[in-house]
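Chemist: File my_file-v5.csv below, CSV, C-alpha atoms:
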chain,number,residue,atom,x,y,z
A,1,MET,CA,0.0,0.0,0.0
A,2,THR,CA,1.3,3.4,-1.0
A,3,PHE,CA,1.3,6.3,1.5
A,4,GLU,CA,-0.5,9.4,0.3
A,5,ILE,CA,1.0,12.7,1.5
A,6,ASP,CA,-1.7,14.8,3.1
A,7,ASP,CA,-2.7,17.7,0.7
A,8,ILE,CA,-3.0,20.2,3.5
A,9,ILE,CA,0.5,19.4,4.8
A,10,LYS,CA,1.9,19.7,1.3
A,11,GLU,CA,0.3,23.1,1.0
A,12,GLN,CA,1.8,24.1,4.4
A,13,PHE,CA,5.2,22.8,3.4
A,14,ASP,CA,5.0,24.8,0.2
A,15,TYR,CA,4.0,27.9,2.1
A,16,TYR,CA,6.8,27.4,4.6
A,17,LYS,CA,9.4,27.0,1.8
A,18,ASN,CA,8.0,30.1,-0.1
A,19,MET,CA,8.0,32.3,3.0
A,20,CYS,CA,11.5,31.2,3.8
A,21,ALA,CA,12.6,32.0,0.3
A,22,LEU,CA,10.9,35.4,0.6
A,23,LEU,CA,12.8,36.1,3.9
A,24,SER,CA,16.1,34.5,2.8
A,25,GLU,CA,17.8,37.9,2.7
A,26,PHE,CA,17.2,38.3,6.4
A,27,LYS,CA,16.9,34.8,7.9
A,28,ASP,CA,18.5,31.5,7.0
A,29,SER,CA,16.4,28.3,6.5
A,30,GLU,CA,17.3,24.8,5.4
A,31,PHE,CA,15.1,21.9,4.4
A,32,ASP,CA,16.7,18.5,4.3
A,33,PRO,CA,15.6,16.0,1.7
A,34,PRO,CA,12.5,13.9,2.4
A,35,ALA,CA,12.7,10.8,4.5
A,36,GLU,CA,12.0,7.5,2.9
A,37,ILE,CA,8.8,5.8,4.0
A,38,GLU,CA,10.8,2.7,4.9
A,39,LYS,CA,12.9,4.7,7.3
A,40,ILE,CA,9.8,6.1,8.9
A,41,GLU,CA,8.1,2.7,9.2
A,42,GLN,CA,11.3,1.2,10.7
A,43,TRP,CA,11.4,4.0,13.3
A,44,GLU,CA,7.7,3.4,14.1
A,45,LYS,CA,8.4,-0.3,14.5
A,46,ASP,CA,11.6,0.2,16.6
A,47,ASN,CA,9.7,2.5,18.9
A,48,ASN,CA,6.4,0.7,19.0
A,49,VAL,CA,4.5,3.8,17.9
A,50,LYS,CA,2.3,5.0,14.9
A,51,LEU,CA,3.0,8.5,13.9
A,52,PRO,CA,0.0,10.7,12.9
A,53,HIS,CA,-0.6,10.8,9.2
A,54,GLN,CA,0.0,14.6,8.9
A,55,TYR,CA,3.3,14.5,10.7
A,56,LYS,CA,4.4,11.5,8.7
A,57,SER,CA,3.5,13.5,5.5
A,58,TRP,CA,5.8,16.3,6.7
A,59,LEU,CA,8.7,13.8,7.2
A,60,LEU,CA,8.1,12.6,3.6
A,61,LEU,CA,8.6,16.2,2.5
A,62,THR,CA,11.6,17.0,4.7
A,63,ALA,CA,13.2,14.7,7.2
A,64,GLU,CA,14.6,17.7,9.2
A,65,SER,CA,14.5,21.5,8.7
A,66,ASN,CA,15.8,24.6,10.3
A,67,ILE,CA,13.3,27.5,9.7
A,68,LEU,CA,14.1,31.2,9.9
A,69,ASP,CA,17.3,31.0,12.0
A,70,MET,CA,16.0,28.2,14.2
A,71,TYR,CA,12.6,29.8,14.9
A,72,ILE,CA,11.5,26.2,14.4
A,73,ASP,CA,14.0,23.4,14.3
A,74,PHE,CA,12.3,20.3,13.1
A,75,SER,CA,14.5,17.3,14.0
A,76,TRP,CA,14.1,13.6,13.4
A,77,PRO,CA,11.5,12.3,15.9
A,78,THR,CA,12.9,11.1,19.3
A,79,ILE,CA,11.3,9.5,22.2
A,80,GLY,CA,11.2,11.6,25.3
A,81,THR,CA,9.7,11.8,28.8
A,82,LEU,CA,7.2,14.4,30.1
A,83,ASN,CA,5.0,12.7,32.8
A,84,GLU,CA,6.1,9.1,32.6
A,85,LYS,CA,9.0,7.3,30.9
A,86,ASN,CA,8.9,7.4,27.1
A,87,ASP,CA,5.5,9.1,26.8
A,88,ILE,CA,6.2,11.6,24.1
A,89,ILE,CA,7.7,12.0,20.7
A,90,ILE,CA,9.8,15.2,20.4
A,91,ILE,CA,9.5,16.7,16.9
A,92,ALA,CA,10.8,20.3,17.1
A,93,SER,CA,12.2,23.0,19.2
A,94,ILE,CA,10.8,26.5,18.8
A,95,ILE,CA,12.7,29.8,19.0
A,96,GLY,CA,15.6,28.1,20.7
A,97,ASP,CA,14.4,29.3,24.1
A,98,GLY,CA,13.2,26.0,25.5
A,99,GLU,CA,9.8,25.5,23.8
A,100,THR,CA,9.4,22.0,22.6
A,101,ALA,CA,6.8,20.5,20.2
A,102,TYR,CA,5.8,16.9,20.7
A,103,ILE,CA,3.3,14.2,19.9
A,104,SER,CA,1.7,12.3,22.8
A,105,ARG,CA,2.2,8.6,22.6
A,106,THR,CA,-1.1,8.0,24.4
A,107,ASP,CA,-3.4,10.1,22.2
A,108,SER,CA,-1.3,11.0,19.1
A,109,LYS,CA,-2.1,14.7,19.6
A,110,VAL,CA,0.3,17.6,18.9
A,111,TYR,CA,1.4,19.7,21.9
A,112,SER,CA,4.0,22.3,22.8
A,113,ILE,CA,5.4,23.0,26.2
A,114,PHE,CA,7.2,26.1,27.4
A,115,GLU,CA,8.1,26.8,31.0
A,116,GLY,CA,5.7,24.2,32.2
A,117,GLU,CA,2.7,25.5,30.2
A,118,ILE,CA,1.3,23.0,27.7
A,119,LYS,CA,-0.6,24.1,24.6
A,120,GLU,CA,-2.7,21.5,22.7
A,121,TYR,CA,-3.2,21.8,18.9
A,122,ASP,CA,-6.1,20.4,16.9
A,123,ASP,CA,-3.6,18.5,14.7
A,124,PHE,CA,-0.2,19.0,13.0
A,125,ASP,CA,-1.8,21.4,10.5
A,126,ASP,CA,-3.0,23.6,13.3
A,127,PHE,CA,0.5,23.6,14.8
A,128,LEU,CA,2.0,24.7,11.5
A,129,THR,CA,-0.7,27.3,10.9
A,130,ILE,CA,-0.2,28.9,14.3
A,131,LYS,CA,3.6,28.9,14.1
A,132,SER,CA,3.5,30.4,10.6
A,133,LEU,CA,1.9,33.6,11.9
A,134,TYR,CA,5.4,34.6,12.9
A,135,PHE,CA,6.4,34.5,9.2
A,136,GLU,CA,3.9,37.2,8.3
A,137,SER,CA,5.0,39.4,11.1
A,138,LEU,CA,8.6,39.1,9.9
A,139,ALA,CA,7.6,39.7,6.3
A,140,GLU,CA,5.8,42.9,7.4
A,141,GLU,CA,8.8,44.0,9.5
A,142,TYR,CA,11.4,43.4,6.8
A,143,LEU,CA,9.4,44.1,3.6
A,144,GLY,CA,6.6,46.4,4.7
A,145,ASP,CA,2.9,46.3,4.7
A,146,ASP,CA,2.6,45.2,1.1
A,147,TRP,CA,4.8,42.1,1.6
A,148,ASP,CA,2.0,39.9,0.4
A,149,ASP,CA,2.1,41.6,-3.1
A,150,ILE,CA,5.7,40.6,-3.3
A,151,TYR,CA,4.8,37.0,-2.1
A,152,ASP,CA,2.2,36.7,-4.8
I'd like the structure from this file rewritten - as structure tokens, please.

Modeler:
Amino acid sequence: MTFEIDDIIKEQFDYYKNMCALLSEFKDSEFDPPAEIEKIEQWEKDNNVKLPHQYKSWLLLTAESNILDMYIDFSWPTIGTLNEKNDIIIIASIIGDGETAYISRTDSKVYSIFEGEIKEYDDFDDFLTIKSLYFESLAEEYLGDDWDDIYD
């Protein structure tokens, strides 16, 4: 059976890449090549976990990425501990100030934690959407109010 990349995540990925290109004069970004589905499936098997479809789609677009001078640093997923041993899958650090994005192994939902405060997202798409708001504020700061004309 072939894995189908989620269309919404593909759109998000394209938006992220386009915004990073737009802001490349001011901020560095790097997108690694896509992960192979076999590597992802082996990771799931080795860690006895099933990654959410949207996040797996992201990995199939870029295995790792550093976005806008590490505003978001998507790393290869790693098992971590929040409340009990090996209960989360760490997927990214945000702003380099200690905020961490993760997927709960118990409910497969996406969360972030910063200074003990946990934020729940509807799904990985919601996480990407909320974090992308920063892109628009940067674009306005560096390129002015009509940045979206340049983007189009």

Chemist: Have a look at A:Tyr134, A:Trp58, A:Tyr71, A:Phe114 and name the one nearest to Pro33 of chain A; count all atoms listed in the file.

Modeler: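 Checking each of A:Tyr134, A:Trp58, A:Tyr71, A:Phe114 against Pro33 of chain A, counting all atoms listed in the file, the winner is A:Trp58.
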
Chemist: Using all atoms listed in the file, which residues sit within 10 Å of segment 43-47 of chain A once same-chain residues fewer than 5 positions away are excluded, as a PyMOL selection string?

Modeler: chain A and resi 37-38+76-79+86+89

Chemist: Taking the point (-2.3, 10.9, 11.5) as given in the file, collect each protein or nucleic acid residue that comes within 10 Å of it, counting only C-alpha atoms, and present the set as number ranges by chain.

Modeler: A: 6, 50-57, 108-109, 123-124

Chemist: To one decimal in Å, tell me the separation between atom CA of Asp148 of chain A and atom CA of Ser65 of chain A.

Modeler: 23.7 Å

Chemist: Rank nothing, just name the residue among A:Leu138, A:Leu22, A:Ile5, A:Leu60 nearest to Tyr151 of chain A, using all atoms listed in the file.

Modeler: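 For Tyr151 of chain A, the nearest of the candidates is A:Leu22.
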
Chemist: Can you sort out segment 1-22 of chain A so it carries N, CA, C and O atoms, written as an mmCIF file, in the coordinates of the input?

Modeler:
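part-v9.cif was written with the following content:
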data_model
loop_
_atom_site.group_PDB
_atom_site.id
_atom_site.type_symbol
_atom_site.label_atom_id
_atom_site.label_comp_id
_atom_site.auth_asym_id
_atom_site.auth_seq_id
_atom_site.Cartn_x
_atom_site.Cartn_y
_atom_site.Cartn_z
ATOM 1 N N MET A 1 0.839 -1.194 0.000
ATOM 2 C CA MET A 1 0.000 0.000 0.000
ATOM 3 C C MET A 1 0.882 1.254 0.000
ATOM 4 O O MET A 1 1.838 1.351 0.757
ATOM 5 N N THR A 2 0.541 2.201 -0.822
ATOM 6 C CA THR A 2 1.300 3.400 -1.000
ATOM 7 C C THR A 2 0.783 4.478 0.029
ATOM 8 O O THR A 2 -0.415 4.637 0.210
ATOM 9 N N PHE A 3 1.709 5.205 0.633
ATOM 10 C CA PHE A 3 1.300 6.300 1.500
ATOM 11 C C PHE A 3 1.068 7.543 0.737
ATOM 12 O O PHE A 3 1.880 7.949 -0.084
ATOM 13 N N GLU A 4 -0.070 8.156 0.986
ATOM 14 C CA GLU A 4 -0.500 9.400 0.300
ATOM 15 C C GLU A 4 -0.140 10.587 1.227
ATOM 16 O O GLU A 4 -0.654 10.656 2.345
ATOM 17 N N ILE A 5 0.669 11.504 0.730
ATOM 18 C CA ILE A 5 1.000 12.700 1.500
ATOM 19 C C ILE A 5 -0.291 13.556 1.608
ATOM 20 O O ILE A 5 -0.989 13.783 0.615
ATOM 21 N N ASP A 6 -0.581 13.990 2.818
ATOM 22 C CA ASP A 6 -1.700 14.800 3.100
ATOM 23 C C ASP A 6 -1.651 16.128 2.308
ATOM 24 O O ASP A 6 -0.644 16.849 2.401
ATOM 25 N N ASP A 7 -2.683 16.456 1.529
ATOM 26 C CA ASP A 7 -2.700 17.700 0.700
ATOM 27 C C ASP A 7 -2.515 18.934 1.518
ATOM 28 O O ASP A 7 -1.832 19.878 1.088
ATOM 29 N N ILE A 8 -3.131 18.990 2.677
ATOM 30 C CA ILE A 8 -3.000 20.200 3.500
ATOM 31 C C ILE A 8 -1.591 20.371 4.005
ATOM 32 O O ILE A 8 -1.082 21.494 4.021
ATOM 33 N N ILE A 9 -0.934 19.284 4.354
ATOM 34 C CA ILE A 9 0.500 19.400 4.800
ATOM 35 C C ILE A 9 1.365 19.765 3.646
ATOM 36 O O ILE A 9 2.303 20.554 3.813
ATOM 37 N N LYS A 10 1.093 19.273 2.466
ATOM 38 C CA LYS A 10 1.900 19.700 1.300
ATOM 39 C C LYS A 10 1.714 21.166 1.036
ATOM 40 O O LYS A 10 2.694 21.866 0.744
ATOM 41 N N GLU A 11 0.501 21.681 1.177
ATOM 42 C CA GLU A 11 0.300 23.100 1.000
ATOM 43 C C GLU A 11 1.048 23.904 2.096
ATOM 44 O O GLU A 11 1.641 24.945 1.805
ATOM 45 N N GLN A 12 1.010 23.412 3.341
ATOM 46 C CA GLN A 12 1.800 24.100 4.400
ATOM 47 C C GLN A 12 3.248 24.061 4.117
ATOM 48 O O GLN A 12 3.931 25.073 4.281
ATOM 49 N N PHE A 13 3.760 22.922 3.684
ATOM 50 C CA PHE A 13 5.200 22.800 3.400
ATOM 51 C C PHE A 13 5.557 23.805 2.271
ATOM 52 O O PHE A 13 6.569 24.507 2.397
ATOM 53 N N ASP A 14 4.749 23.896 1.234
ATOM 54 C CA ASP A 14 5.000 24.800 0.200
ATOM 55 C C ASP A 14 4.998 26.281 0.684
ATOM 56 O O ASP A 14 5.854 27.098 0.318
ATOM 57 N N TYR A 15 4.039 26.589 1.539
ATOM 58 C CA TYR A 15 4.000 27.900 2.100
ATOM 59 C C TYR A 15 5.216 28.211 2.965
ATOM 60 O O TYR A 15 5.820 29.282 2.846
ATOM 61 N N TYR A 16 5.614 27.260 3.803
ATOM 62 C CA TYR A 16 6.800 27.400 4.600
ATOM 63 C C TYR A 16 8.036 27.688 3.727
ATOM 64 O O TYR A 16 8.814 28.612 3.976
ATOM 65 N N LYS A 17 8.201 26.877 2.694
ATOM 66 C CA LYS A 17 9.400 27.000 1.800
ATOM 67 C C LYS A 17 9.305 28.392 1.081
ATOM 68 O O LYS A 17 10.326 29.079 0.958
ATOM 69 N N ASN A 18 8.128 28.790 0.616
ATOM 70 C CA ASN A 18 8.000 30.100 -0.100
ATOM 71 C C ASN A 18 8.263 31.252 0.841
ATOM 72 O O ASN A 18 8.929 32.218 0.440
ATOM 73 N N MET A 19 7.749 31.194 2.056
ATOM 74 C CA MET A 19 8.000 32.300 3.000
ATOM 75 C C MET A 19 9.479 32.335 3.390
ATOM 76 O O MET A 19 10.049 33.420 3.523
ATOM 77 N N CYS A 20 10.095 31.180 3.543
ATOM 78 C CA CYS A 20 11.500 31.200 3.800
ATOM 79 C C CYS A 20 12.334 31.737 2.695
ATOM 80 O O CYS A 20 13.306 32.467 2.922
ATOM 81 N N ALA A 21 11.932 31.448 1.464
ATOM 82 C CA ALA A 21 12.600 32.000 0.300
ATOM 83 C C ALA A 21 12.411 33.549 0.275
ATOM 84 O O ALA A 21 13.360 34.296 0.008
ATOM 85 N N LEU A 22 11.197 34.004 0.574
ATOM 86 C CA LEU A 22 10.900 35.400 0.600
ATOM 87 C C LEU A 22 11.772 36.156 1.637
ATOM 88 O O LEU A 22 12.233 37.271 1.409
#
